[in-house]
$ cat model00.cif   # mmCIF, C-alpha atoms
data_entry
#
loop_
_atom_site.label_atom_id
_atom_site.label_comp_id
_atom_site.auth_asym_id
_atom_site.auth_seq_id
_atom_site.Cartn_x
_atom_site.Cartn_y
_atom_site.Cartn_z
CA MET A 1 -33.72 -37.48 -11.63
CA LYS A 2 -30.65 -39.70 -11.53
CA LYS A 3 -29.07 -37.77 -14.40
CA PHE A 4 -29.77 -34.49 -12.60
CA LEU A 5 -28.36 -35.88 -9.37
CA PHE A 6 -25.22 -37.13 -11.12
CA SER A 7 -24.81 -33.81 -12.87
CA GLY A 8 -25.16 -31.96 -9.56
CA ILE A 9 -22.58 -34.19 -7.90
CA ALA A 10 -20.18 -33.74 -10.81
CA THR A 11 -20.56 -29.98 -10.66
CA ALA A 12 -19.92 -29.98 -6.93
CA LEU A 13 -16.84 -32.16 -7.33
CA THR A 14 -15.50 -29.89 -10.10
CA ALA A 15 -16.01 -26.78 -7.94
CA SER A 16 -14.35 -28.51 -5.00
CA ALA A 17 -11.39 -29.50 -7.15
CA PHE A 18 -11.06 -25.90 -8.42
CA LEU A 19 -11.10 -24.49 -4.91
CA SER A 20 -8.55 -27.05 -3.76
CA THR A 21 -6.28 -26.23 -6.72
CA SER A 22 -6.68 -22.49 -6.06
CA ALA A 23 -5.89 -22.92 -2.38
CA LEU A 24 -2.87 -25.07 -3.24
CA ALA A 25 -1.64 -22.46 -5.74
CA GLN A 26 -1.88 -19.76 -3.09
CA LYS A 27 -0.05 -21.97 -0.61
CA ASP A 28 2.81 -22.59 -3.08
CA TRP A 29 2.93 -18.96 -4.24
CA PRO A 30 5.25 -17.56 -5.52
CA THR A 31 6.55 -19.93 -8.17
CA LYS A 32 8.16 -17.32 -10.41
CA ALA A 33 9.73 -13.85 -10.33
CA ILE A 34 7.70 -10.89 -9.06
CA THR A 35 7.73 -7.49 -10.78
CA MET A 36 7.82 -4.34 -8.64
CA VAL A 37 6.63 -1.44 -10.79
CA VAL A 38 8.04 2.02 -9.98
CA PRO A 39 6.40 5.04 -11.68
CA PHE A 40 9.60 7.09 -11.98
CA ALA A 41 13.03 6.89 -13.58
CA ALA A 42 15.89 4.84 -12.19
CA GLY A 43 18.07 6.70 -9.72
CA GLY A 44 15.34 8.85 -8.14
CA PRO A 45 14.27 8.68 -4.48
CA THR A 46 11.36 6.28 -5.08
CA ASP A 47 13.51 4.01 -7.25
CA THR A 48 16.18 4.04 -4.55
CA VAL A 49 13.70 2.81 -1.95
CA ALA A 50 12.42 0.14 -4.34
CA ARG A 51 15.85 -1.27 -5.10
CA LEU A 52 16.84 -1.29 -1.43
CA ILE A 53 13.89 -3.47 -0.45
CA ALA A 54 13.54 -5.60 -3.62
CA VAL A 55 16.41 -7.96 -2.82
CA PRO A 56 15.47 -8.74 0.81
CA MET A 57 11.79 -9.08 -0.16
CA GLY A 58 12.81 -11.57 -2.83
CA GLN A 59 14.89 -13.50 -0.32
CA ALA A 60 11.94 -13.65 2.07
CA LEU A 61 9.62 -14.87 -0.71
CA GLY A 62 12.07 -17.30 -2.29
CA GLN A 63 11.85 -15.63 -5.71
CA THR A 64 13.53 -12.69 -7.46
CA VAL A 65 11.81 -9.30 -7.24
CA ILE A 66 12.52 -7.33 -10.42
CA VAL A 67 12.19 -3.53 -10.40
CA GLU A 68 10.51 -2.14 -13.53
CA ASN A 69 10.55 1.62 -14.13
CA VAL A 70 7.46 2.87 -15.99
CA ASN A 71 7.73 6.64 -16.45
CA GLY A 72 5.28 9.29 -17.58
CA ALA A 73 2.30 11.48 -16.70
CA GLY A 74 3.24 11.95 -13.06
CA GLY A 75 2.95 8.24 -12.34
CA THR A 76 -0.49 7.71 -13.87
CA ILE A 77 0.82 5.50 -16.70
CA ALA A 78 2.41 3.07 -14.24
CA THR A 79 -0.59 3.18 -11.91
CA THR A 80 -2.95 2.36 -14.77
CA LYS A 81 -0.73 -0.55 -15.83
CA VAL A 82 -0.78 -2.02 -12.35
CA ALA A 83 -4.53 -1.54 -11.96
CA ARG A 84 -5.05 -3.58 -15.14
CA ALA A 85 -2.54 -6.32 -14.28
CA ALA A 86 -3.58 -9.84 -13.34
CA PRO A 87 -4.53 -10.11 -9.64
CA ASP A 88 -2.12 -12.97 -8.99
CA GLY A 89 0.44 -11.22 -6.79
CA TYR A 90 3.17 -11.23 -9.41
CA THR A 91 2.79 -7.49 -10.01
CA ILE A 92 3.35 -5.19 -7.04
CA TYR A 93 3.57 -1.41 -7.02
CA LEU A 94 5.67 1.10 -5.09
CA HIS A 95 4.37 4.66 -5.37
CA HIS A 96 4.78 7.81 -3.32
CA MET A 97 2.14 10.34 -2.25
CA GLY A 98 1.22 10.88 -5.90
CA MET A 99 -1.21 8.00 -5.35
CA ALA A 100 -3.23 10.40 -3.18
CA THR A 101 -2.99 13.53 -5.33
CA ALA A 102 -3.72 12.17 -8.83
CA ASN A 103 -7.52 12.39 -8.47
CA ALA A 104 -7.29 16.14 -7.91
CA LEU A 105 -4.55 16.73 -10.49
CA TYR A 106 -5.95 14.85 -13.46
CA ASP A 107 -9.42 14.64 -15.02
CA LYS A 108 -10.97 11.26 -15.83
CA LEU A 109 -8.31 8.96 -14.38
CA PRO A 110 -8.62 5.40 -15.71
CA TYR A 111 -8.34 4.07 -12.16
CA ASP A 112 -9.51 4.82 -8.63
CA PRO A 113 -6.78 4.62 -5.96
CA LEU A 114 -9.32 3.52 -3.34
CA GLN A 115 -11.20 0.99 -5.49
CA ASN A 116 -8.75 -0.62 -7.92
CA PHE A 117 -5.98 -1.76 -5.59
CA GLU A 118 -5.18 -3.96 -2.64
CA TYR A 119 -2.87 -2.64 0.06
CA ILE A 120 0.36 -4.25 1.28
CA GLY A 121 1.69 -1.55 3.60
CA GLN A 122 3.50 1.75 3.97
CA VAL A 123 7.23 1.67 3.43
CA ALA A 124 9.22 4.82 4.14
CA ASP A 125 8.98 8.60 4.43
CA VAL A 126 11.37 11.19 3.03
CA PRO A 127 11.25 14.47 5.03
CA MET A 128 11.42 17.89 3.41
CA VAL A 129 12.89 21.28 4.34
CA LEU A 130 11.79 24.82 3.47
CA LEU A 131 14.91 26.39 1.99
CA GLY A 132 15.93 29.91 1.00
CA LYS A 133 18.76 31.26 -1.11
CA LYS A 134 21.90 32.14 0.82
CA ASP A 135 21.54 35.92 0.52
CA LEU A 136 17.83 36.16 1.32
CA PRO A 137 17.50 38.91 3.99
CA ALA A 138 15.48 36.74 6.41
CA ASN A 139 17.68 34.75 8.80
CA ASN A 140 14.95 32.74 10.54
CA PHE A 141 11.33 31.73 10.01
CA LYS A 142 9.87 34.72 11.88
CA GLU A 143 11.85 37.09 9.71
CA LEU A 144 10.87 35.11 6.61
CA GLU A 145 7.17 35.52 7.39
CA ALA A 146 7.62 39.26 7.78
CA TYR A 147 9.66 39.45 4.57
CA ILE A 148 7.01 37.51 2.60
CA LYS A 149 4.14 39.63 3.92
CA ALA A 150 6.03 42.79 3.03
CA ASN A 151 6.97 41.67 -0.49
CA GLY A 152 4.13 39.31 -1.50
CA SER A 153 4.31 38.08 -5.09
CA LYS A 154 7.78 39.58 -5.50
CA VAL A 155 9.03 36.52 -3.62
CA THR A 156 9.70 33.57 -5.92
CA MET A 157 9.26 29.91 -5.00
CA ALA A 158 10.70 27.15 -7.19
CA ASN A 159 9.18 23.70 -7.63
CA ALA A 160 9.76 20.55 -9.69
CA GLY A 161 6.70 21.05 -11.88
CA PRO A 162 2.92 20.63 -11.70
CA GLY A 163 1.89 18.04 -9.15
CA ALA A 164 5.41 17.51 -7.78
CA VAL A 165 5.70 17.16 -4.01
CA SER A 166 7.88 20.28 -3.93
CA GLN A 167 5.01 22.22 -5.50
CA LEU A 168 2.42 20.74 -3.14
CA CYS A 169 4.59 21.58 -0.14
CA GLY A 170 4.96 25.15 -1.43
CA LEU A 171 1.22 25.50 -2.00
CA LEU A 172 0.45 24.25 1.50
CA PHE A 173 2.99 26.71 2.91
CA GLN A 174 1.43 29.63 1.02
CA SER A 175 -2.03 28.54 2.09
CA ARG A 176 -1.00 28.47 5.73
CA ILE A 177 0.69 31.90 5.74
CA GLY A 178 -2.05 33.45 3.60
CA VAL A 179 0.21 34.91 0.92
CA LYS A 180 0.47 33.82 -2.73
CA LEU A 181 4.03 33.88 -4.04
CA THR A 182 5.29 33.71 -7.61
CA ASN A 183 5.67 29.98 -8.25
CA ILE A 184 8.27 28.93 -10.81
CA PRO A 185 8.04 25.36 -12.15
CA TYR A 186 11.14 23.44 -13.27
CA LYS A 187 11.58 20.05 -14.93
CA GLY A 188 12.64 18.36 -11.71
CA THR A 189 14.07 19.32 -8.35
CA GLY A 190 17.65 19.15 -9.67
CA PRO A 191 17.45 22.31 -11.80
CA ALA A 192 15.23 24.01 -9.20
CA LEU A 193 17.86 23.41 -6.53
CA THR A 194 20.60 24.58 -8.89
CA ASP A 195 18.85 27.91 -9.37
CA LEU A 196 18.26 28.25 -5.62
CA LEU A 197 21.97 27.69 -5.03
CA GLY A 198 22.71 30.25 -7.74
CA GLY A 199 20.35 32.82 -6.21
CA GLN A 200 17.94 32.95 -9.16
CA VAL A 201 14.94 32.00 -6.97
CA ASP A 202 14.15 32.78 -3.36
CA LEU A 203 12.57 29.64 -1.88
CA LEU A 204 12.22 25.90 -2.46
CA CYS A 205 10.65 23.06 -0.51
CA ASP A 206 12.82 20.01 -1.17
CA GLN A 207 13.64 16.54 0.12
CA THR A 208 16.40 15.98 2.65
CA THR A 209 18.01 13.27 0.52
CA GLN A 210 19.73 15.92 -1.61
CA THR A 211 19.69 19.12 0.45
CA ILE A 212 21.28 18.38 3.83
CA PRO A 213 24.88 18.81 2.57
CA TYR A 214 24.00 22.30 1.27
CA ILE A 215 22.32 23.19 4.57
CA LYS A 216 25.34 22.09 6.58
CA ASP A 217 27.84 24.02 4.49
CA GLY A 218 25.69 27.19 4.51
CA ARG A 219 25.00 27.33 0.78
CA VAL A 220 21.26 27.61 1.49
CA LYS A 221 19.20 28.77 4.46
CA ALA A 222 16.97 26.24 6.18
CA TYR A 223 13.85 27.88 7.63
CA GLY A 224 12.16 24.75 8.94
CA THR A 225 11.56 21.07 8.41
CA THR A 226 8.17 19.78 7.28
CA THR A 227 8.13 17.14 10.02
CA LEU A 228 6.54 17.20 13.48
CA LYS A 229 9.87 16.33 15.12
CA ARG A 230 13.32 17.72 14.42
CA LEU A 231 15.52 15.64 12.15
CA PRO A 232 18.60 13.98 13.72
CA ALA A 233 20.71 14.92 10.68
CA ILE A 234 19.99 18.67 11.20
CA PRO A 235 18.92 18.99 14.86
CA ASN A 236 19.43 22.75 14.95
CA VAL A 237 16.77 23.34 12.27
CA PRO A 238 13.36 23.82 13.94
CA THR A 239 10.18 22.31 12.51
CA LEU A 240 7.63 24.58 10.87
CA ASP A 241 5.13 23.14 13.33
CA GLU A 242 7.05 24.43 16.37
CA GLN A 243 7.45 27.83 14.71
CA GLY A 244 3.74 28.50 14.45
CA LEU A 245 2.44 26.45 11.52
CA LYS A 246 0.77 23.89 13.76
CA GLY A 247 0.36 20.45 12.23
CA PHE A 248 2.40 21.35 9.13
CA GLU A 249 3.65 18.02 7.87
CA VAL A 250 4.71 17.03 4.37
CA LYS A 251 6.64 13.84 3.74
CA VAL A 252 7.27 12.02 0.52
CA TRP A 253 5.64 8.87 1.82
CA HIS A 254 5.71 5.55 -0.03
CA GLY A 255 3.20 2.72 -0.11
CA MET A 256 3.10 -0.72 -1.69
CA TYR A 257 0.05 -2.01 -3.59
CA THR A 258 -1.23 -4.81 -5.83
CA PRO A 259 -4.08 -4.90 -8.36
CA LYS A 260 -7.56 -5.39 -6.88
CA GLY A 261 -8.51 -9.01 -6.26
CA VAL A 262 -5.21 -10.53 -5.11
CA PRO A 263 -6.15 -13.26 -2.57
CA LYS A 264 -5.54 -12.46 1.09
CA PRO A 265 -3.07 -15.33 1.66
CA ILE A 266 -0.82 -13.84 -1.03
CA LEU A 267 -1.23 -10.32 0.39
CA ASP A 268 -0.25 -11.69 3.80
CA LYS A 269 2.93 -13.18 2.33
CA LEU A 270 3.80 -9.92 0.59
CA ASN A 271 3.20 -7.93 3.77
CA ALA A 272 5.38 -10.30 5.80
CA ALA A 273 8.15 -10.01 3.20
CA LEU A 274 7.93 -6.21 3.24
CA ILE A 275 8.15 -6.09 7.03
CA LYS A 276 11.10 -8.47 7.03
CA ALA A 277 12.89 -6.41 4.39
CA LEU A 278 12.40 -3.14 6.29
CA ASN A 279 13.79 -4.74 9.43
CA THR A 280 16.93 -6.01 7.70
CA PRO A 281 19.93 -4.26 9.37
CA ASP A 282 21.57 -3.36 6.05
CA VAL A 283 18.34 -1.85 4.67
CA LYS A 284 17.72 0.12 7.86
CA LYS A 285 21.24 1.56 7.80
CA ARG A 286 21.18 2.45 4.11
CA LEU A 287 17.80 4.19 4.41
CA GLU A 288 19.01 6.05 7.50
CA ASP A 289 22.18 7.15 5.67
CA ALA A 290 19.94 8.55 2.91
CA ASN A 291 17.80 10.43 5.50
CA ILE A 292 14.81 8.22 4.70
CA ASP A 293 12.59 7.21 7.64
CA ILE A 294 11.14 3.71 7.93
CA VAL A 295 7.52 3.95 9.07
CA SER A 296 6.19 2.61 12.37
CA PRO A 297 5.02 -1.06 12.56
CA GLU A 298 1.32 -0.13 12.59
CA LYS A 299 1.79 1.75 9.29
CA MET A 300 3.46 -1.22 7.61
CA THR A 301 0.08 -2.96 7.42
CA PRO A 302 -2.64 -2.93 4.72
CA LYS A 303 -4.95 -1.19 7.17
CA GLY A 304 -2.31 1.43 7.99
CA LEU A 305 -1.64 2.20 4.32
CA LYS A 306 -5.32 2.45 3.40
CA ALA A 307 -6.06 4.81 6.30
CA HIS A 308 -3.10 7.02 5.40
CA LEU A 309 -4.04 7.11 1.71
CA GLU A 310 -7.60 8.18 2.55
CA ALA A 311 -6.32 10.90 4.90
CA GLU A 312 -3.88 12.22 2.29
CA ILE A 313 -6.58 12.34 -0.41
CA ASN A 314 -8.75 14.40 1.92
CA LYS A 315 -5.82 16.65 2.83
CA TRP A 316 -4.46 17.46 -0.62
CA GLY A 317 -7.63 17.46 -2.74
CA PRO A 318 -8.95 20.84 -1.55
CA ILE A 319 -5.49 22.44 -1.66
CA ILE A 320 -4.84 21.32 -5.24
CA ARG A 321 -8.29 22.27 -6.53
CA LYS A 322 -8.12 25.69 -4.89
CA SER A 323 -4.68 26.39 -6.38
CA ASN A 324 -5.85 25.50 -9.91
CA ILE A 325 -2.70 23.53 -10.80
CA PRO A 326 -0.79 23.90 -13.09
CA ASP A 327 0.36 27.14 -11.57
#
$ encode --input "model00.cif" --output "structure tokens"
Amino acid sequence: MKKFLFSGIATALTASAFLSTSALAQKDWPTKAITMVVPFAAGGPTDTVARLIAVPMGQALGQTVIVENVNGAGGTIATTKVARAAPDGYTIYLHHMGMATANALYDKLPYDPLQNFEYIGQVADVPMVLLGKKDLPANNFKELEAYIKANGSKVTMANAGPGAVSQLCGLLFQSRIGVKLTNIPYKGTGPALTDLLGGQVDLLCDQTTQTIPYIKDGRVKAYGTTTLKRLPAIPNVPTLDEQGLKGFEVKVWHGMYTPKGVPKPILDKLNAALIKALNTPDVKKRLEDANIDIVSPEKMTPKGLKAHLEAEINKWGPIIRKSNIPD
């Protein structure tokens, strides 16, 4: 009995010591550099957002935040890597809306976006614009609708390849107007935009970060923004919502995640650092200059990101499956 009692006490003391050490480790966290994984190449819109917030997040946490670009398979390689990383808070992940579309785009994913991650918060949104080549006969959205319905599949719509946001935006647009166009995939939005500027394709749905200069100088026609409010940078361009496509909204939204199992105290520190970074005057100005919108405070939370991710999965899943991507 005494041996059993002693053994029980020793076990309890060991467990207590472990919990105390774990709690202390969380309190002192972080004690080394943190890696922010980005699923796309350096220099792209998502990488730009990551590098803008990495430095101020690191300053808030007292450690360096290193951006690591892990390319391939539409982001699924990077997402899988993060899902399998140690749940210690030293690996964080910045991904765009591809986190919500992968389930419908790829068979047998090695991860589940709703089960294998913890949520830090939403970060920023990049608006999009429905564009037409300069000499397209339609001069406004009403005329564009009539032109599309009269010409059907003769109208061409460029995109950046299967699963790209430009393709998803185009598919949603075609679904809403009830006409299937001829979709032409490119290896990125750069060459797609080049061919739109050259008149080789009729339409393209693209991000504002690279298209506003061409809209302002008249090299392309802007038929509507994919936001619910007009954009300050191009206030004379109506939204598609106000022109009859009620509720039409497509933004290249970004969220920050960790592997499943990261302790809440660490998640709280990461969330606080993210919020502080997004409220840094220099970051706010640089994102604004790039036509990137910082999300509202309620969206910067784990709860806000999870709710948005679930809504986006429900929104895009049926559209993608119906379209039978790749198109």
$ closest_atom_pairs --input "model00.cif" --of "range 225-275 of chain A" --to "range 100-117 of chain A" --cutoff "8 Å" --atoms "only C-alpha atoms" --output "tab-separated table"
residue	atom	partner	partner_atom	distance
A:Tyr257	CA	A:Phe117	CA	6.4
A:Thr258	CA	A:Phe117	CA	5.7
A:Pro259	CA	A:Phe117	CA	4.6
A:Lys260	CA	A:Phe117	CA	4.2
A:Gly261	CA	A:Phe117	CA	7.7
$ resolve_selection --input "model00.cif" --expression "the PyMOL selection byres ((chain A and resi 29) around 9)" --output "PyMOL selection string"
chain A and resi 24-28+30-32+61+89+266+269
$ residues_around --input "model00.cif" --residues "Glu118 in chain A" --least-positions-apart "6" --cutoff "12 Å" --atoms "only C-alpha atoms" --output "VMD selection string"
chain A and resid 82 to 83 87 to 89 91 to 93 112 255 to 264 266 to 268 270 to 271 301 to 303 305 to 306 309
$ write_last_selection --input "model00.cif" --atoms "C-alpha atoms" --output "mmCIF file, keeping the file's coordinate frame"
data_model
loop_
_atom_site.group_PDB
_atom_site.id
_atom_site.type_symbol
_atom_site.label_atom_id
_atom_site.label_comp_id
_atom_site.auth_asym_id
_atom_site.auth_seq_id
_atom_site.Cartn_x
_atom_site.Cartn_y
_atom_site.Cartn_z
ATOM 1 C CA VAL A 82 -0.780 -2.020 -12.350
ATOM 2 C CA ALA A 83 -4.530 -1.540 -11.960
ATOM 3 C CA PRO A 87 -4.530 -10.110 -9.640
ATOM 4 C CA ASP A 88 -2.120 -12.970 -8.990
ATOM 5 C CA GLY A 89 0.440 -11.220 -6.790
ATOM 6 C CA THR A 91 2.790 -7.490 -10.010
ATOM 7 C CA ILE A 92 3.350 -5.190 -7.040
ATOM 8 C CA TYR A 93 3.570 -1.410 -7.020
ATOM 9 C CA ASP A 112 -9.510 4.820 -8.630
ATOM 10 C CA GLY A 255 3.200 2.720 -0.110
ATOM 11 C CA MET A 256 3.100 -0.720 -1.690
ATOM 12 C CA TYR A 257 0.050 -2.010 -3.590
ATOM 13 C CA THR A 258 -1.230 -4.810 -5.830
ATOM 14 C CA PRO A 259 -4.080 -4.900 -8.360
ATOM 15 C CA LYS A 260 -7.560 -5.390 -6.880
ATOM 16 C CA GLY A 261 -8.510 -9.010 -6.260
ATOM 17 C CA VAL A 262 -5.210 -10.530 -5.110
ATOM 18 C CA PRO A 263 -6.150 -13.260 -2.570
ATOM 19 C CA LYS A 264 -5.540 -12.460 1.090
ATOM 20 C CA ILE A 266 -0.820 -13.840 -1.030
ATOM 21 C CA LEU A 267 -1.230 -10.320 0.390
ATOM 22 C CA ASP A 268 -0.250 -11.690 3.800
ATOM 23 C CA LEU A 270 3.800 -9.920 0.590
ATOM 24 C CA ASN A 271 3.200 -7.930 3.770
ATOM 25 C CA THR A 301 0.080 -2.960 7.420
ATOM 26 C CA PRO A 302 -2.640 -2.930 4.720
ATOM 27 C CA LYS A 303 -4.950 -1.190 7.170
ATOM 28 C CA LEU A 305 -1.640 2.200 4.320
ATOM 29 C CA LYS A 306 -5.320 2.450 3.400
ATOM 30 C CA LEU A 309 -4.040 7.110 1.710
#
$ residues_around --input "model00.cif" --residues "Leu203 in chain A" --least-positions-apart "2" --cutoff "9 Å" --atoms "all atoms listed in the file" --output "PyMOL selection string"
chain A and resi 130-133+136+155-159+170+196+201+205
$ resolve_selection --input "model00.cif" --expression "the PyMOL selection byres ((chain A and resi 43-51) around 10)" --output "number ranges by chain"
A: 36-42, 52-56, 65-69, 93-96, 123-126, 207, 209-210, 252-254, 256, 283, 286-287, 290, 292
$ write_last_selection --input "model00.cif" --atoms "C-alpha atoms" --output "PDB file, in the frame of the given file"
ATOM      1  CA  MET A  36       7.820  -4.340  -8.640  1.00  0.00           C
ATOM      2  CA  VAL A  37       6.630  -1.440 -10.790  1.00  0.00           C
ATOM      3  CA  VAL A  38       8.040   2.020  -9.980  1.00  0.00           C
ATOM      4  CA  PRO A  39       6.400   5.040 -11.680  1.00  0.00           C
ATOM      5  CA  PHE A  40       9.600   7.090 -11.980  1.00  0.00           C
ATOM      6  CA  ALA A  41      13.030   6.890 -13.580  1.00  0.00           C
ATOM      7  CA  ALA A  42      15.890   4.840 -12.190  1.00  0.00           C
ATOM      8  CA  LEU A  52      16.840  -1.290  -1.430  1.00  0.00           C
ATOM      9  CA  ILE A  53      13.890  -3.470  -0.450  1.00  0.00           C
ATOM     10  CA  ALA A  54      13.540  -5.600  -3.620  1.00  0.00           C
ATOM     11  CA  VAL A  55      16.410  -7.960  -2.820  1.00  0.00           C
ATOM     12  CA  PRO A  56      15.470  -8.740   0.810  1.00  0.00           C
ATOM     13  CA  VAL A  65      11.810  -9.300  -7.240  1.00  0.00           C
ATOM     14  CA  ILE A  66      12.520  -7.330 -10.420  1.00  0.00           C
ATOM     15  CA  VAL A  67      12.190  -3.530 -10.400  1.00  0.00           C
ATOM     16  CA  GLU A  68      10.510  -2.140 -13.530  1.00  0.00           C
ATOM     17  CA  ASN A  69      10.550   1.620 -14.130  1.00  0.00           C
ATOM     18  CA  TYR A  93       3.570  -1.410  -7.020  1.00  0.00           C
ATOM     19  CA  LEU A  94       5.670   1.100  -5.090  1.00  0.00           C
ATOM     20  CA  HIS A  95       4.370   4.660  -5.370  1.00  0.00           C
ATOM     21  CA  HIS A  96       4.780   7.810  -3.320  1.00  0.00           C
ATOM     22  CA  VAL A 123       7.230   1.670   3.430  1.00  0.00           C
ATOM     23  CA  ALA A 124       9.220   4.820   4.140  1.00  0.00           C
ATOM     24  CA  ASP A 125       8.980   8.600   4.430  1.00  0.00           C
ATOM     25  CA  VAL A 126      11.370  11.190   3.030  1.00  0.00           C
ATOM     26  CA  GLN A 207      13.640  16.540   0.120  1.00  0.00           C
ATOM     27  CA  THR A 209      18.010  13.270   0.520  1.00  0.00           C
ATOM     28  CA  GLN A 210      19.730  15.920  -1.610  1.00  0.00           C
ATOM     29  CA  VAL A 252       7.270  12.020   0.520  1.00  0.00           C
ATOM     30  CA  TRP A 253       5.640   8.870   1.820  1.00  0.00           C
ATOM     31  CA  HIS A 254       5.710   5.550  -0.030  1.00  0.00           C
ATOM     32  CA  MET A 256       3.100  -0.720  -1.690  1.00  0.00           C
ATOM     33  CA  VAL A 283      18.340  -1.850   4.670  1.00  0.00           C
ATOM     34  CA  ARG A 286      21.180   2.450   4.110  1.00  0.00           C
ATOM     35  CA  LEU A 287      17.800   4.190   4.410  1.00  0.00           C
ATOM     36  CA  ALA A 290      19.940   8.550   2.910  1.00  0.00           C
ATOM     37  CA  ILE A 292      14.810   8.220   4.700  1.00  0.00           C
TER      38      ILE A 292
END
$ resolve_selection --input "model00.cif" --expression "the PyMOL selection byres ((chain A and resi 238) around 6)" --output "PyMOL selection string"
chain A and resi 224+237+239
$ atom_distance --input "model00.cif" --atom1 "CA of Ile294 in chain A" --atom2 "CA of Gln243 in chain A"
25.3 Å
$ closest_residue --input "model00.cif" --among "A:Val295, A:Ile234, A:Ala60, A:Ser323" --to "Asn183 in chain A" --atoms "only C-alpha atoms"
A:Ser323
$ residues_around --input "model00.cif" --residues "Gly244 in chain A" --least-positions-apart "5" --cutoff "12 Å" --atoms "only C-alpha atoms" --output "VMD selection string"
chain A and resid 141 to 142 145 173 176 to 177 224 228 238 to 239
$ closest_residue --input "model00.cif" --among "A:Leu245, A:Ile215, A:Leu171, A:Ala78" --to "Val129 in chain A" --atoms "all atoms listed in the file"
A:Ile215
$ atom_distance --input "model00.cif" --atom1 "CA of Ala150 in chain A" --atom2 "CA of Cys169 in chain A"
21.5 Å
$ closest_residue --input "model00.cif" --among "A:Gly163, A:Pro265, A:Pro127, A:Gly152" --to "Gly75 in chain A" --atoms "only C-alpha atoms"
A:Gly163
$ atom_distance --input "model00.cif" --atom1 "CA of Gly198 in chain A" --atom2 "CA of Pro137 in chain A"
15.5 Å
$ closest_residue --input "model00.cif" --among "A:Leu204, A:Gly58, A:His308, A:Lys315" --to "Leu274 in chain A" --atoms "only C-alpha atoms"
A:Gly58
$ closest_residue --input "model00.cif" --among "A:Ala73, A:Leu231, A:Pro318, A:Lys221" --to "Ser175 in chain A" --atoms "all atoms listed in the file"
A:Pro318
$ closest_residue --input "model00.cif" --among "A:Gly199, A:Gly62, A:Pro185, A:Pro162" --to "Asp135 in chain A" --atoms "all atoms listed in the file"
A:Gly199
$ build_atoms --input "model00.cif" --residues "range 134-138 of chain A" --atoms "all heavy atoms" --output "compact mmCIF listing (two decimals), keeping the file's coordinate frame"
# COMPACT_ATOMS: atom_id res chain seq x y z
N LYS A 134 20.94 31.74 -0.21
CA LYS A 134 21.90 32.14 0.82
C LYS A 134 21.81 33.61 1.20
O LYS A 134 21.97 33.98 2.38
CB LYS A 134 23.32 31.81 0.34
CG LYS A 134 24.40 32.09 1.34
CD LYS A 134 25.75 31.57 0.87
CE LYS A 134 26.24 32.28 -0.37
NZ LYS A 134 27.61 31.86 -0.75
N ASP A 135 21.54 34.48 0.22
CA ASP A 135 21.54 35.92 0.52
C ASP A 135 20.14 36.49 0.75
O ASP A 135 19.96 37.71 0.71
CB ASP A 135 22.27 36.70 -0.57
CG ASP A 135 21.63 36.52 -1.94
OD1 ASP A 135 20.70 35.69 -2.06
OD2 ASP A 135 22.07 37.20 -2.89
N LEU A 136 19.16 35.65 0.98
CA LEU A 136 17.83 36.16 1.32
C LEU A 136 17.92 36.91 2.65
O LEU A 136 18.55 36.41 3.60
CB LEU A 136 16.83 35.00 1.43
CG LEU A 136 15.35 35.34 1.29
CD1 LEU A 136 15.05 35.86 -0.11
CD2 LEU A 136 14.49 34.11 1.57
N PRO A 137 17.34 38.11 2.77
CA PRO A 137 17.50 38.91 3.99
C PRO A 137 17.04 38.23 5.28
O PRO A 137 17.62 38.46 6.35
CB PRO A 137 16.64 40.15 3.70
CG PRO A 137 16.60 40.25 2.22
CD PRO A 137 16.59 38.83 1.73
N ALA A 138 16.01 37.40 5.20
CA ALA A 138 15.48 36.74 6.41
C ALA A 138 16.44 35.68 6.91
O ALA A 138 16.89 34.81 6.15
CB ALA A 138 14.12 36.13 6.11
